[in-house]
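What's in model31.txt: compact mmCIF, C-alpha atoms
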# COMPACT_ATOMS: atom_id res chain seq x y z
CA GLN A 296 -9.33 -3.98 -14.87
CA VAL A 297 -6.92 -3.95 -11.95
CA THR A 298 -7.71 -0.93 -9.80
CA GLY A 299 -8.22 0.10 -6.19
CA TYR A 300 -6.84 -1.25 -2.94
CA LEU A 301 -4.64 -4.32 -2.49
CA ASP A 302 -5.37 -7.01 0.13
CA ASP A 303 -3.30 -6.86 3.35
CA CYS A 304 -2.14 -3.33 2.42
CA THR A 305 -3.22 0.29 2.76
CA CYS A 306 -2.04 1.03 -0.77
CA ASP A 307 -3.86 1.19 -4.10
CA VAL A 308 -2.84 0.37 -7.66
CA GLU A 309 -3.16 3.94 -8.96
CA THR A 310 -0.69 5.35 -6.39
CA ILE A 311 1.91 2.73 -7.38
CA ASP A 312 1.40 3.34 -11.12
CA ALA A 313 1.92 7.10 -10.82
CA PHE A 314 4.91 6.77 -8.48
CA ASN A 315 6.66 4.04 -10.46
CA ASN A 316 6.02 5.07 -14.05
CA TYR A 317 6.80 8.78 -13.74
CA LYS A 318 9.23 9.08 -10.83
CA LEU A 319 11.12 5.90 -10.05
CA PHE A 320 11.31 3.82 -13.25
CA PRO A 321 13.39 6.30 -15.37
CA ARG A 322 16.02 6.78 -12.63
CA LEU A 323 16.21 3.08 -11.83
CA ASN A 324 16.76 2.25 -15.50
CA GLU A 325 19.68 4.64 -15.69
CA LEU A 326 21.27 3.04 -12.61
CA LEU A 327 20.89 -0.51 -13.96
CA GLU A 328 22.67 0.41 -17.19
CA SER A 329 25.80 1.38 -15.25
CA ASP A 330 28.81 -0.96 -15.10
CA TYR A 331 28.35 -1.83 -11.44
CA PHE A 332 24.81 -3.15 -11.96
CA ARG A 333 24.93 -4.69 -15.43
CA TYR A 334 27.41 -7.49 -14.62
CA TYR A 335 26.14 -10.39 -12.54
CA LYS A 336 28.10 -13.47 -11.55
CA VAL A 337 26.18 -16.70 -11.97
CA ASN A 338 26.77 -20.43 -12.22
CA LEU A 339 24.54 -21.78 -14.99
CA GLN A 340 26.17 -25.23 -14.91
CA LYS A 341 24.81 -26.43 -11.58
CA PRO A 342 22.84 -29.68 -11.87
CA CYS A 343 19.19 -29.77 -10.81
CA PRO A 344 19.12 -31.08 -7.20
CA PHE A 345 15.51 -32.34 -7.29
CA TRP A 346 15.04 -34.45 -10.41
CA ASP A 347 17.01 -35.82 -13.32
CA ASP A 348 16.67 -33.07 -15.89
CA SER A 349 18.32 -34.52 -18.93
CA SER A 350 15.51 -33.22 -21.17
CA HIS A 351 16.59 -29.62 -21.61
CA CYS A 352 15.35 -27.27 -24.25
CA GLY A 353 17.39 -24.14 -24.72
CA MET A 354 20.59 -25.55 -23.20
CA ARG A 355 23.81 -25.53 -25.18
CA ASP A 356 23.16 -29.15 -26.11
CA CYS A 357 19.64 -29.27 -27.45
CA ALA A 358 17.30 -31.65 -25.66
CA VAL A 359 15.99 -33.39 -28.74
CA GLN A 360 18.61 -35.03 -30.90
CA PRO A 361 16.57 -36.49 -33.74
CA CYS A 362 17.86 -39.69 -35.30
CA PRO A 363 19.13 -39.35 -38.88
CA SER A 364 16.34 -40.74 -41.03
CA ASP A 365 18.57 -43.43 -42.59
CA GLU A 366 19.02 -44.97 -39.13
CA VAL A 367 15.27 -45.39 -38.64
CA PRO A 368 13.97 -48.72 -40.05
CA ASP A 369 11.64 -48.34 -43.05
CA GLY A 370 8.75 -50.10 -41.30
CA ILE A 371 8.81 -47.64 -38.42
CA ARG A 372 9.18 -44.67 -40.77
CA SER A 373 6.20 -45.61 -42.92
CA GLY A 374 4.06 -46.94 -40.04
CA SER A 375 4.40 -44.01 -37.65
CA TYR A 376 4.36 -40.95 -39.85
CA LYS A 377 2.25 -39.12 -37.28
CA TYR A 378 4.93 -39.54 -34.61
CA SER A 379 7.87 -38.70 -36.82
CA GLU A 380 6.15 -35.50 -37.93
CA GLU A 381 5.54 -34.60 -34.28
CA ALA A 382 9.14 -35.44 -33.44
CA ASN A 383 10.36 -33.23 -36.28
CA ASN A 384 8.21 -30.34 -35.08
CA LEU A 385 9.53 -30.83 -31.57
CA ALA A 386 13.10 -30.86 -32.84
CA GLU A 387 12.49 -27.61 -34.75
CA GLU A 388 10.86 -26.03 -31.70
CA CYS A 389 13.79 -27.09 -29.58
CA GLU A 390 16.36 -25.71 -32.03
CA GLU A 391 14.45 -22.43 -31.94
CA ALA A 392 14.45 -22.45 -28.12
CA LYS A 393 18.17 -23.22 -28.11
CA ARG A 394 18.87 -20.24 -30.38
CA LEU A 395 16.69 -17.82 -28.40
CA GLY A 396 17.71 -19.10 -24.97
CA ALA A 397 21.50 -19.07 -25.40
CA VAL A 398 23.36 -16.76 -23.06
CA ASP A 399 25.76 -14.24 -24.58
CA ASP A 400 28.75 -14.46 -22.24
CA SER A 401 31.06 -12.04 -24.02
CA LEU A 402 32.69 -9.32 -21.90
CA SER A 403 34.83 -6.44 -23.06
CA THR A 404 38.54 -6.27 -22.12
CA GLU A 405 37.91 -3.26 -19.85
CA THR A 406 35.19 -5.18 -18.06
CA ARG A 407 37.46 -8.18 -17.49
CA GLN A 408 39.98 -5.85 -15.83
CA ALA A 409 37.24 -4.19 -13.76
CA VAL A 410 35.97 -7.61 -12.69
CA LEU A 411 39.37 -8.44 -11.17
CA GLN A 412 39.25 -5.16 -9.25
CA TRP A 413 35.70 -5.88 -7.99
CA THR A 414 36.80 -9.25 -6.64
CA GLN A 415 39.77 -7.72 -4.83
CA HIS A 416 37.54 -4.95 -3.46
CA ASP A 417 34.87 -7.43 -2.27
CA ASP A 418 37.51 -9.61 -0.62
CA SER A 419 39.01 -6.63 1.17
CA SER A 420 35.64 -5.44 2.49
CA ASP A 421 34.03 -7.08 5.50
CA SER A 422 31.59 -9.24 3.54
CA PHE A 423 30.87 -12.48 5.35
CA CYS A 424 27.56 -13.31 3.63
CA GLU A 425 28.88 -15.39 0.74
CA ALA A 426 26.58 -15.60 -2.27
CA ASP A 427 25.84 -18.91 -3.95
CA ASP A 428 29.09 -20.71 -5.01
CA ILE A 429 30.56 -17.49 -6.33
CA HIS A 430 34.09 -18.90 -6.27
CA SER A 431 33.17 -21.99 -8.29
CA PRO A 432 35.18 -22.31 -11.52
CA ASP A 433 31.82 -22.62 -13.31
CA ALA A 434 30.58 -19.23 -12.07
CA GLU A 435 31.04 -16.48 -14.64
CA TYR A 436 30.11 -12.85 -15.12
CA VAL A 437 27.24 -12.19 -17.50
CA ASP A 438 26.34 -8.84 -19.04
CA LEU A 439 22.63 -8.42 -18.27
CA LEU A 440 22.20 -5.76 -20.97
CA LEU A 441 23.38 -8.26 -23.62
CA ASN A 442 20.95 -10.87 -22.26
CA PRO A 443 17.61 -9.12 -21.77
CA GLU A 444 14.75 -11.07 -20.24
CA ARG A 445 12.34 -11.89 -23.06
CA TYR A 446 10.53 -14.70 -24.83
CA THR A 447 12.94 -17.62 -25.42
CA GLY A 448 10.68 -20.42 -26.67
CA TYR A 449 10.97 -22.18 -23.30
CA LYS A 450 7.47 -23.52 -22.59
CA GLY A 451 5.43 -26.68 -22.30
CA PRO A 452 5.86 -29.52 -19.76
CA ASP A 453 9.39 -28.53 -18.65
CA ALA A 454 8.42 -24.95 -17.77
CA TRP A 455 5.15 -26.15 -16.18
CA LYS A 456 7.08 -28.61 -13.99
CA ILE A 457 9.18 -25.79 -12.52
CA TRP A 458 6.21 -23.63 -11.54
CA ASN A 459 4.21 -26.62 -10.35
CA SER A 460 7.06 -27.67 -8.06
CA ILE A 461 7.29 -24.12 -6.69
CA TYR A 462 3.57 -23.77 -5.97
CA GLU A 463 2.74 -27.32 -4.88
CA GLU A 464 5.77 -28.05 -2.70
CA ASN A 465 6.94 -24.68 -1.43
CA CYS A 466 3.93 -22.42 -0.84
CA PHE A 467 2.71 -24.04 2.41
CA LYS A 468 -0.25 -25.43 0.46
CA PRO A 469 -1.83 -28.79 1.35
CA GLN A 470 -2.05 -31.29 -1.52
CA ASN A 471 -5.84 -31.55 -1.36
CA VAL A 472 -6.31 -27.81 -2.04
CA LYS A 473 -6.02 -27.39 -5.80
CA ARG A 474 -4.55 -24.24 -7.27
CA PRO A 475 -6.90 -22.24 -9.53
CA LEU A 476 -6.56 -23.34 -13.19
CA ALA A 477 -4.20 -26.19 -12.19
CA SER A 478 -4.85 -29.57 -13.77
CA GLY A 479 -7.31 -31.70 -11.81
CA ARG A 480 -8.69 -28.52 -10.29
CA GLY A 481 -12.33 -29.58 -10.43
CA ASP A 482 -14.79 -26.85 -11.30
CA ASP A 483 -15.07 -24.70 -8.21
CA GLY A 484 -13.42 -21.66 -9.84
CA GLY A 485 -10.66 -21.70 -7.24
CA GLN A 486 -13.13 -21.18 -4.36
CA MET A 487 -11.60 -23.89 -2.18
CA PHE A 488 -8.13 -22.44 -2.79
CA TYR A 489 -9.10 -18.87 -1.89
CA LYS A 490 -11.01 -20.06 1.15
CA TRP A 491 -7.81 -21.82 2.27
CA LEU A 492 -5.68 -18.75 1.47
CA LYS A 493 -7.97 -16.47 3.47
CA GLY A 494 -7.75 -18.84 6.45
CA VAL A 495 -3.93 -19.01 6.70
CA CYS A 496 -1.77 -16.53 8.62
CA VAL A 497 -0.66 -13.32 6.92
CA GLU A 498 2.92 -14.60 6.45
CA LYS A 499 1.91 -17.73 4.52
CA ARG A 500 -0.55 -15.71 2.46
CA ALA A 501 2.19 -13.18 1.69
CA PHE A 502 4.57 -15.98 0.65
CA TYR A 503 2.08 -17.29 -1.92
CA ARG A 504 1.37 -13.78 -3.19
CA LEU A 505 5.07 -12.98 -3.60
CA ILE A 506 5.61 -16.10 -5.72
CA SER A 507 2.45 -15.42 -7.75
CA GLY A 508 3.62 -11.80 -8.23
CA LEU A 509 7.03 -12.98 -9.42
CA HIS A 510 5.34 -15.40 -11.85
CA ALA A 511 3.11 -12.58 -13.15
CA SER A 512 6.09 -10.26 -13.56
CA ILE A 513 8.03 -12.84 -15.60
CA ASN A 514 4.97 -13.50 -17.80
CA ILE A 515 4.60 -9.77 -18.48
CA HIS A 516 8.24 -9.56 -19.62
CA LEU A 517 7.75 -12.51 -21.99
CA SER A 518 4.58 -10.92 -23.42
CA ALA A 519 6.16 -7.45 -23.71
CA ARG A 520 9.36 -8.63 -25.43
CA TYR A 521 8.03 -11.27 -27.76
CA LEU A 522 9.68 -12.30 -31.01
CA LEU A 523 7.24 -10.75 -33.50
CA GLN A 524 9.35 -11.06 -36.63
CA ASP A 525 12.37 -13.23 -37.35
CA SER A 526 13.85 -12.80 -40.80
CA TRP A 527 17.40 -12.81 -42.16
CA SER A 528 17.37 -9.01 -42.27
CA GLU A 529 16.07 -8.31 -38.77
CA LYS A 530 14.62 -9.60 -35.54
CA LYS A 531 11.73 -7.60 -34.18
CA TRP A 532 10.76 -7.82 -30.50
CA GLY A 533 7.68 -6.18 -29.05
CA PRO A 534 4.40 -6.54 -27.17
CA ASN A 535 2.27 -9.58 -28.01
CA VAL A 536 -1.27 -8.66 -26.91
CA THR A 537 -2.70 -12.15 -27.50
CA GLU A 538 -0.03 -13.71 -25.27
CA PHE A 539 -0.72 -11.09 -22.59
CA GLN A 540 -4.50 -11.68 -22.72
CA GLN A 541 -4.12 -15.46 -22.46
CA ARG A 542 -2.27 -14.97 -19.18
CA PHE A 543 -4.17 -12.05 -17.64
CA ASP A 544 -7.55 -11.37 -19.28
CA GLU A 545 -10.32 -11.70 -16.69
CA VAL A 546 -12.63 -13.77 -18.93
CA LEU A 547 -9.95 -16.01 -20.49
CA THR A 548 -8.41 -16.82 -17.07
CA ARG A 549 -11.79 -17.14 -15.27
CA GLY A 550 -11.04 -14.21 -13.00
CA GLU A 551 -7.53 -15.37 -12.16
CA GLY A 552 -5.62 -12.80 -14.30
CA PRO A 553 -6.49 -9.68 -12.26
CA ARG A 554 -5.58 -11.52 -9.04
CA ARG A 555 -2.17 -12.34 -10.49
CA LEU A 556 -1.64 -8.70 -11.37
CA LYS A 557 -2.63 -7.57 -7.87
CA ASN A 558 0.01 -9.98 -6.55
CA LEU A 559 2.55 -8.27 -8.83
CA TYR A 560 1.73 -4.96 -7.09
CA PHE A 561 2.08 -6.69 -3.72
CA LEU A 562 5.58 -7.90 -4.72
CA TYR A 563 6.38 -4.33 -5.82
CA LEU A 564 5.42 -2.98 -2.37
CA ILE A 565 7.53 -5.57 -0.53
CA GLU A 566 10.67 -4.87 -2.58
CA LEU A 567 10.09 -1.10 -2.44
CA ARG A 568 9.78 -1.34 1.36
CA ALA A 569 13.12 -3.18 1.52
CA LEU A 570 14.81 -0.40 -0.48
CA SER A 571 13.44 2.24 1.86
CA LYS A 572 14.72 0.29 4.89
CA VAL A 573 18.26 -0.36 3.64
CA LEU A 574 19.15 3.32 3.11
CA PRO A 575 21.49 3.55 6.20
CA PHE A 576 23.69 0.76 4.77
CA PHE A 577 24.32 2.66 1.52
CA GLU A 578 24.47 6.14 3.08
CA ARG A 579 27.73 5.43 4.94
CA PRO A 580 30.66 7.45 3.50
CA GLY A 581 32.73 4.25 3.43
CA PHE A 582 30.34 2.52 1.05
CA GLN A 583 31.13 2.92 -2.64
CA LEU A 584 29.89 1.33 -5.85
CA TYR A 585 33.43 0.36 -6.71
CA THR A 586 34.26 -0.15 -10.41
CA GLY A 587 37.59 1.68 -10.52
CA ASN A 588 36.16 4.70 -12.36
CA LYS A 589 36.08 7.27 -9.55
CA SER A 590 33.90 9.96 -11.12
CA GLN A 591 31.36 7.44 -12.42
CA ASP A 592 31.34 5.59 -9.08
CA ALA A 593 30.54 8.84 -7.25
CA GLU A 594 27.85 9.74 -9.77
CA MET A 595 26.19 6.31 -9.49
CA LYS A 596 26.27 6.38 -5.69
CA HIS A 597 24.53 9.76 -5.84
CA LEU A 598 21.86 8.30 -8.17
CA LEU A 599 21.50 5.22 -5.96
CA LEU A 600 20.88 7.36 -2.85
CA GLU A 601 18.42 9.50 -4.81
CA ILE A 602 16.46 6.32 -5.69
CA LEU A 603 16.54 5.09 -2.07
CA HIS A 604 15.33 8.46 -0.73
CA LEU A 605 12.59 8.40 -3.35
CA ALA A 606 11.63 4.89 -2.21
CA LYS A 607 11.51 6.18 1.38
CA SER A 608 9.24 9.06 0.37
CA PHE A 609 6.55 6.69 -0.98
CA PRO A 610 3.41 7.57 1.00
CA LEU A 611 1.73 4.17 1.41
CA HIS A 612 4.40 1.65 2.37
CA PHE A 613 3.63 -1.95 3.25
CA ASP A 614 3.73 -2.44 7.02
CA GLU A 615 5.92 -5.48 7.62
CA ASN A 616 5.38 -5.22 11.40
CA SER A 617 2.41 -7.55 10.96
CA PHE A 618 4.93 -10.25 9.94
CA PHE A 619 6.07 -12.71 12.63
CA ALA A 620 4.46 -10.55 15.32
CA GLY A 621 2.80 -13.23 17.46
CA ASN A 622 4.23 -15.60 20.08
CA LYS A 623 8.04 -15.30 19.89
CA LYS A 624 8.73 -19.02 19.73
CA GLU A 625 6.06 -19.64 17.08
CA ALA A 626 7.18 -16.56 15.13
CA ALA A 627 10.82 -17.74 15.08
CA LYS A 628 9.73 -21.19 13.86
CA LEU A 629 7.55 -19.68 11.12
CA LYS A 630 10.33 -17.30 10.05
CA GLU A 631 12.73 -20.24 9.68
CA GLU A 632 10.14 -22.19 7.65
CA PHE A 633 9.64 -19.11 5.47
CA ARG A 634 13.39 -18.85 4.90
CA LEU A 635 13.81 -22.56 4.07
CA HIS A 636 10.88 -22.58 1.66
CA PHE A 637 12.36 -19.59 -0.13
CA LYS A 638 15.80 -21.18 -0.21
CA ASN A 639 14.26 -24.24 -1.82
CA ILE A 640 12.70 -22.11 -4.55
CA SER A 641 16.10 -20.58 -5.32
CA LYS A 642 17.48 -24.13 -5.73
CA ILE A 643 14.66 -25.03 -8.15
CA MET A 644 16.05 -22.33 -10.46
CA ASP A 645 18.93 -24.71 -11.23
CA CYS A 646 16.32 -27.00 -12.85
CA VAL A 647 15.21 -24.38 -15.41
CA GLY A 648 16.04 -25.78 -18.84
CA CYS A 649 16.68 -22.55 -20.74
CA PHE A 650 19.91 -20.78 -19.81
CA LYS A 651 18.54 -17.27 -20.23
CA CYS A 652 15.43 -18.08 -18.16
CA ARG A 653 17.68 -19.71 -15.56
CA LEU A 654 19.86 -16.58 -15.40
CA TRP A 655 16.90 -14.26 -14.79
CA GLY A 656 15.17 -16.75 -12.49
CA LYS A 657 18.25 -17.00 -10.27
CA LEU A 658 18.76 -13.24 -10.26
CA GLN A 659 15.13 -12.43 -9.40
CA THR A 660 14.88 -15.02 -6.61
CA GLN A 661 18.19 -13.81 -5.14
CA GLY A 662 16.91 -10.23 -5.36
CA LEU A 663 13.66 -11.06 -3.59
CA GLY A 664 15.56 -13.15 -1.03
CA THR A 665 17.80 -10.13 -0.35
CA ALA A 666 14.72 -7.90 0.06
CA LEU A 667 13.30 -10.35 2.64
CA LYS A 668 16.68 -10.47 4.42
CA ILE A 669 16.57 -6.66 4.69
CA LEU A 670 13.00 -6.62 6.06
CA PHE A 671 13.90 -9.23 8.66
CA SER A 672 17.10 -7.41 9.70
CA GLU A 673 15.60 -4.07 10.72
CA ASN A 674 17.17 -4.09 14.20
CA LEU A 675 20.63 -4.81 12.75
CA ILE A 676 20.29 -2.07 10.11
CA GLU A 677 19.33 0.48 12.78
CA LYS A 678 22.59 -0.32 14.61
CA ILE A 679 24.88 0.22 11.59
CA PRO A 680 27.63 2.70 12.59
CA GLU A 681 27.95 5.79 10.42
CA SER A 682 31.57 5.01 9.71
CA GLY A 683 33.65 1.86 9.87
CA PRO A 684 32.62 -1.66 8.98
CA SER A 685 29.07 -2.96 9.40
CA TYR A 686 29.49 -6.29 11.17
CA GLY A 687 25.88 -6.96 12.11
CA PHE A 688 24.37 -6.44 8.65
CA GLN A 689 26.17 -6.95 5.37
CA LEU A 690 25.32 -7.18 1.68
CA THR A 691 27.70 -8.62 -0.91
CA ARG A 692 28.04 -7.08 -4.35
CA GLN A 693 26.05 -10.07 -5.68
CA GLU A 694 23.14 -9.32 -3.36
CA ILE A 695 23.22 -5.60 -4.21
CA VAL A 696 23.20 -6.25 -7.96
CA ALA A 697 20.41 -8.85 -7.58
CA LEU A 698 18.32 -6.62 -5.28
CA PHE A 699 18.24 -3.65 -7.66
CA ASN A 700 17.92 -5.67 -10.86
CA ALA A 701 15.08 -7.76 -9.38
CA PHE A 702 13.26 -4.59 -8.38
CA GLY A 703 14.06 -3.22 -11.85
CA ARG A 704 12.21 -6.19 -13.35
CA VAL A 705 9.12 -5.62 -11.18
CA SER A 706 9.23 -1.88 -11.89
CA THR A 707 9.44 -2.66 -15.63
CA SER A 708 6.40 -4.97 -15.33
CA VAL A 709 4.31 -2.20 -13.78
CA LYS A 710 5.40 0.14 -16.61
CA GLU A 711 4.66 -2.49 -19.30
CA LEU A 712 1.24 -3.01 -17.76
CA GLU A 713 0.40 0.62 -18.52
CA ASN A 714 1.61 0.05 -22.08
CA PHE A 715 -0.65 -3.00 -22.53
CA ARG A 716 -3.56 -1.05 -21.01
CA ASN A 717 -3.11 1.70 -23.62
CA ILE A 718 -2.81 -0.81 -26.50
CA LEU A 719 -6.00 -2.60 -25.41
CA GLN A 720 -7.92 0.66 -25.01
CA ASN A 721 -6.93 1.73 -28.52
CA MET A 722 -8.07 -1.64 -29.90
CA ARG A 723 -11.60 -1.24 -28.50

For this file, write the structure as structure tokens.
Amino acid sequence: QVTGYLDDCTCDVETIDAFNNYKLFPRLNELLESDYFRYYKVNLQKPCPFWDDSSHCGMRDCAVQPCPSDEVPDGIRSGSYKYSEEANNLAEECEEAKRLGAVDDSLSTETRQAVLQWTQHDDSSDSFCEADDIHSPDAEYVDLLLNPERYTGYKGPDAWKIWNSIYEENCFKPQNVKRPLASGRGDDGGQMFYKWLKGVCVEKRAFYRLISGLHASINIHLSARYLLQDSWSEKKWGPNVTEFQQRFDEVLTRGEGPRRLKNLYFLYLIELRALSKVLPFFERPGFQLYTGNKSQDAEMKHLLLEILHLAKSFPLHFDENSFFAGNKKEAAKLKEEFRLHFKNISKIMDCVGCFKCRLWGKLQTQGLGTALKILFSENLIEKIPESGPSYGFQLTRQEIVALFNAFGRVSTSVKELENFRNILQNMR
């Protein structure tokens, strides 16, 4: 049901589908399976800075530690059967979430050696934009291919609290304007919200749409890689159409689903635009995707440049010149607000209770943050010398890995959308 032109853009859904699914997605997938892009350094031990989050499902220590039944007094046991049954179900659900959400942190011996070389190489390059606490003893490399983003059993109040905090406190939205389908929304079908959204400046509207697009993308991954069968002989992951429809069907979501999907396409355009803009940084002869394997490094750089040239060739790019284009003083203030709001959202990722969801949440917000950094650094990128160090504009290995993997996630969502479309058409 999602077709035609996107708001604030000259692009349409069909152009993106054809470009992504048949040209860009296969090449991007190949790149992300390479050694340089599959290992991401992350600190999953950071405490939540905004609230006391001792109630974690999916963490190494499960949130619900049920009391042994012999410790519960008989009177309570017999008198509150309803609650104990609920508690038992919750404990089982939590155990399940813990099992599905655990991060596999094993690395091969060769990788450990390569990791040491990467660190030396990064330190010797002129990177001054230090990624989030990368030198912390708690930060460790994770193999993204061993930890695919998929359904982990992380849901309910904890997951809702994360998204609610993102939307209510960080999307420039006044408290009295209720989000569509949010609790206490009233029954105006989101009219007040969309009236407000239409009335704000293009930057604030874009901010909301980027977050909504990211949310939609994550929900597509969870629906597309759902645990369909879990037996001792095998685990089967695949598309769960019911889950997908609950989140995106026009009728079930009272018209909200298609809007969410259009925001996904908007996010796609923003990240694609960033890739097309950053080409001069990667084109320099001095830049290499350093892993220590010379022939593979050269091959992957060639593939990377092919992807960036392809991104540049896209015919209907988003025009970011409309961003922060007004009064210089006002624009600078708004840009700083934009940056701080986004920074706050990246901090909220440390409050995500499931380790695997936290890993992908941190990676995707860092990737989108890097894309925004690129779009706002156009003048610096234009001044990059063809050889020698780039002092004005720099990307760390962390930012590069996050940028491409985050775009890989959005690209995968667009591809999965076509898959769900075909499944639903065949069901009719």

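Look at Gly662 (chain A): the protein and nucleic acid residues within 6 Å of it, using all atoms listed in the file and passing over chain neighbours fewer than 3 places away, are Gln659, Thr665, Ala697, Leu698 and Ala701 of chain A.
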
Contacts of Arg542 (chain A) within 8 Å, all atoms listed in the file, excl. fewer than 5 positions in-chain, as a CSV table (one decimal) with C-alpha atoms, keeping the file's coordinate frame:
chain,number,residue,atom,x,y,z
A,514,ASN,CA,5.0,-13.5,-17.8
A,547,LEU,CA,-10.0,-16.0,-20.5
A,548,THR,CA,-8.4,-16.8,-17.1
A,552,GLY,CA,-5.6,-12.8,-14.3

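Residues with any atom within 7 Å of region 603-612 of chain A, counting all atoms listed in the file and excluding same-chain neighbours fewer than 6 positions away, are A:Thr305, A:Cys306, A:Leu564, A:Leu567, A:Arg568, A:Leu570, A:Ser571, A:Leu574.
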
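We find CA of Val705 (chain A) and CA of Asp438 (chain A) to be spaced 19.2 Å apart.
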
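For the atom pair formed by CA of Leu523 (chain A) and CA of Lys393 (chain A), the distance is 17.4 Å, given to one decimal.
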
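Considering all atoms listed in the file, the residue among A:Lys710, A:Arg723, A:Lys450, A:Lys499 positioned nearest to Phe314 (chain A) is A:Lys710.
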
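Among A:Lys596, A:Lys651, A:Lys642, A:Lys318, the residue with the shortest atom-to-atom distance to Glu444 (chain A), counting only C-alpha atoms, is A:Lys651.
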
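Comparing the minimum interatomic distances between Leu629 (chain A) and each of A:Trp491, A:Tyr563, A:Trp655, A:Phe467, counting only C-alpha atoms, we find that A:Phe467 sits nearest.
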
Surrounding residues of Val308 (chain A) excluding itself and chain neighbours under 4 positions, 12 Å, only C-alpha atoms, as a ChimeraX atom specification: /A:296-302,304,312-316,553,556-561,563-564,611,709,712-713

Neighbours of Gly621 (chain A) within 12 Å (only C-alpha atoms; same-chain residues fewer than 4 positions away dropped), as JSON, numbers by chain? {"A": [496, 497, 498, 616, 617, 625, 626, 627, 628, 629, 630]}

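The smallest atom-to-atom distance between Glu391 (chain A) and any of A:Ser526, A:Thr447, A:Ser590, A:Ser329, using only C-alpha atoms, is found for A:Thr447.
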
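Separating CA of Tyr462 (chain A) from CA of Asp614 (chain A) is a distance of 25.0 Å.
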
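Using all atoms listed in the file, the nearest neighbour of Thr707 (chain A) within the list A:Phe619, A:Phe488, A:Tyr521, A:Tyr317 is A:Tyr317.
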
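If you measure from each of A:Leu517, A:Glu538, A:Tyr503, A:Tyr585 to Ala409 (chain A) using all atoms listed in the file, the closest one turns out to be A:Tyr585.
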
I'd like the box whose edges run along x, y and z of the file and which contains every listed atom of region 523-528 of chain A, padded by 4 Å per side; could you state its centre and edge lengths in Å, one decimal, as AutoDock Vina command-line options?
--center_x 12.3 --center_y -11.1 --center_z -37.9 --size_x 18.2 --size_y 12.2 --size_z 16.8
